[in-house]
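Reviewing the structure listed below.
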Amino acid sequence: MIYLDNAATTPMSAVAIAEMTKVMQETHGNPSSIHGHGRQAGKLLREARQDLATY
């Protein structure tokens, strides 16, 4: 049997891991919040979504 669905088992790229680690260490806000930390998290989320949409 050949298993072709590796969605849950595909290794992450080192670039993705590094960026996620950076964001998780430096950004502590809820992106839905209106305070400064939340706005910063929301900005990062919007930028990441835009990057993925144009990729």
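Quick note on naming: the chains in the structure tokens go A, B, ... in the order shown, residues restart at 1 in each chain, and ligands are numbered from 1 in order of appearance.
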
* With a distance cut-off of 12 Å and only C-alpha atoms, select the neighbouring residues of Val23 (chain A), excluding the residue or stretch itself and same-chain residues fewer than 2 positions from it, and output the selection as JSON, numbers by chain. => {"A": [16, 17, 18, 19, 20, 21, 25, 26, 27, 28, 29, 40, 41, 42, 43, 44, 45, 48]}

How would the residues just picked look written out with all heavy atoms as a short mmCIF file (atom, residue, chain, number, x, y, z; two decimals), in the first residue's frame?
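Resulting contents of result_34.cif:
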```cif
data_model
loop_
_atom_site.label_atom_id
_atom_site.label_comp_id
_atom_site.auth_asym_id
_atom_site.auth_seq_id
_atom_site.Cartn_x
_atom_site.Cartn_y
_atom_site.Cartn_z
N ALA A 16 10.09 28.07 8.66
CA ALA A 16 8.78 28.19 9.32
C ALA A 16 8.93 28.02 10.83
O ALA A 16 8.33 28.77 11.61
CB ALA A 16 7.81 27.16 8.76
N ILE A 17 9.71 27.05 11.25
CA ILE A 17 9.92 26.82 12.69
C ILE A 17 10.58 28.02 13.33
O ILE A 17 10.16 28.48 14.41
CB ILE A 17 10.76 25.54 12.91
CG1 ILE A 17 9.96 24.31 12.50
CG2 ILE A 17 11.21 25.43 14.37
CD1 ILE A 17 10.76 23.04 12.45
N ALA A 18 11.60 28.57 12.69
CA ALA A 18 12.29 29.73 13.24
C ALA A 18 11.36 30.94 13.37
O ALA A 18 11.37 31.63 14.39
CB ALA A 18 13.50 30.08 12.36
N GLU A 19 10.55 31.19 12.35
CA GLU A 19 9.64 32.34 12.39
C GLU A 19 8.56 32.15 13.44
O GLU A 19 8.22 33.07 14.18
CB GLU A 19 9.01 32.57 11.02
CG GLU A 19 8.25 33.86 10.90
CD GLU A 19 9.10 35.11 11.08
OE1 GLU A 19 10.32 35.06 10.83
OE2 GLU A 19 8.54 36.14 11.47
N MET A 20 8.00 30.94 13.52
CA MET A 20 6.98 30.67 14.54
C MET A 20 7.55 30.81 15.94
O MET A 20 6.91 31.39 16.83
CB MET A 20 6.41 29.25 14.36
CG MET A 20 5.47 29.12 13.20
SD MET A 20 4.83 27.46 13.01
CE MET A 20 4.05 27.18 14.58
N THR A 21 8.77 30.32 16.16
CA THR A 21 9.40 30.43 17.47
C THR A 21 9.60 31.89 17.84
O THR A 21 9.31 32.31 18.97
CB THR A 21 10.75 29.68 17.48
OG1 THR A 21 10.51 28.31 17.16
CG2 THR A 21 11.43 29.79 18.82
N GLN A 25 7.72 33.77 21.00
CA GLN A 25 8.52 34.32 22.10
C GLN A 25 8.32 35.81 22.27
O GLN A 25 8.42 36.32 23.39
CB GLN A 25 10.00 34.02 21.87
CG GLN A 25 10.36 32.57 22.04
CD GLN A 25 11.81 32.29 21.69
OE1 GLN A 25 12.44 33.03 20.94
NE2 GLN A 25 12.32 31.20 22.24
N GLU A 26 8.04 36.52 21.20
CA GLU A 26 8.01 37.99 21.25
C GLU A 26 6.62 38.60 21.23
O GLU A 26 6.47 39.77 21.54
CB GLU A 26 8.82 38.55 20.07
CG GLU A 26 10.28 38.15 20.11
CD GLU A 26 11.05 38.58 18.88
OE1 GLU A 26 10.46 39.26 18.00
OE2 GLU A 26 12.24 38.24 18.80
N THR A 27 5.61 37.85 20.84
CA THR A 27 4.26 38.40 20.69
C THR A 27 3.33 37.70 21.67
O THR A 27 3.19 36.49 21.61
CB THR A 27 3.75 38.20 19.25
OG1 THR A 27 4.73 38.72 18.35
CG2 THR A 27 2.44 38.91 19.03
N HIS A 28 2.72 38.48 22.55
CA HIS A 28 1.92 37.87 23.61
C HIS A 28 0.46 38.29 23.56
O HIS A 28 -0.29 38.00 24.47
CB HIS A 28 2.51 38.24 24.98
CG HIS A 28 3.96 37.92 25.09
ND1 HIS A 28 4.44 36.64 25.17
CD2 HIS A 28 5.05 38.73 25.07
CE1 HIS A 28 5.76 36.66 25.23
NE2 HIS A 28 6.15 37.91 25.16
N GLY A 29 0.06 38.98 22.54
CA GLY A 29 -1.30 39.49 22.49
C GLY A 29 -2.26 38.60 21.73
O GLY A 29 -1.88 37.81 20.87
N GLN A 40 -0.51 44.37 17.67
CA GLN A 40 0.73 43.87 17.08
C GLN A 40 0.55 42.42 16.60
O GLN A 40 0.98 42.06 15.51
CB GLN A 40 1.89 43.94 18.08
CG GLN A 40 3.20 43.38 17.56
CD GLN A 40 3.74 44.11 16.34
OE1 GLN A 40 3.43 45.27 16.10
NE2 GLN A 40 4.56 43.43 15.57
N ALA A 41 -0.09 41.60 17.41
CA ALA A 41 -0.35 40.21 17.02
C ALA A 41 -1.26 40.17 15.79
O ALA A 41 -1.06 39.37 14.88
CB ALA A 41 -0.98 39.45 18.18
N GLY A 42 -2.27 41.03 15.77
CA GLY A 42 -3.17 41.09 14.63
C GLY A 42 -2.46 41.50 13.35
O GLY A 42 -2.72 40.96 12.27
N LYS A 43 -1.54 42.46 13.47
CA LYS A 43 -0.76 42.90 12.31
C LYS A 43 0.07 41.75 11.76
O LYS A 43 0.10 41.52 10.54
CB LYS A 43 0.14 44.06 12.73
CG LYS A 43 1.03 44.59 11.62
CD LYS A 43 1.85 45.78 12.14
CE LYS A 43 2.71 46.37 11.06
NZ LYS A 43 4.03 45.75 10.99
N LEU A 44 0.73 41.02 12.65
CA LEU A 44 1.54 39.87 12.20
C LEU A 44 0.67 38.81 11.53
O LEU A 44 1.06 38.22 10.53
CB LEU A 44 2.30 39.27 13.38
CG LEU A 44 3.41 40.14 13.96
CD1 LEU A 44 3.93 39.53 15.26
CD2 LEU A 44 4.52 40.33 12.96
N LEU A 45 -0.50 38.59 12.08
CA LEU A 45 -1.41 37.59 11.51
C LEU A 45 -1.89 38.01 10.13
O LEU A 45 -1.90 37.22 9.19
CB LEU A 45 -2.60 37.37 12.46
CG LEU A 45 -3.60 36.32 12.07
CD1 LEU A 45 -2.95 34.95 11.91
CD2 LEU A 45 -4.72 36.26 13.11
N ALA A 48 0.97 37.59 7.67
CA ALA A 48 1.20 36.18 7.36
C ALA A 48 0.13 35.66 6.40
O ALA A 48 0.45 34.93 5.44
CB ALA A 48 1.21 35.35 8.64
#
```

* Could you pull out the helix (DSSP H, G or I) residues of chain A from DSSP and send them as an NGL selection string? -> :A and (14-26 or 36-54)

* To do: One decimal, Å: what's the distance from CA of Arg46 (chain A) over to CA of Ser33 (chain A), could you say?
  =>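 Interatomic distance here is 13.8 Å.
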
* Which value, in Å to one decimal, gives the distance between CA of His37 (chain A) and CA of Ala53 (chain A)? -> 24.4 Å

* How many Å separate CA of Gly36 (chain A) from CA of Asp51 (chain A)? ->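 CA of Gly36 (chain A) sits 22.6 Å away from CA of Asp51 (chain A).
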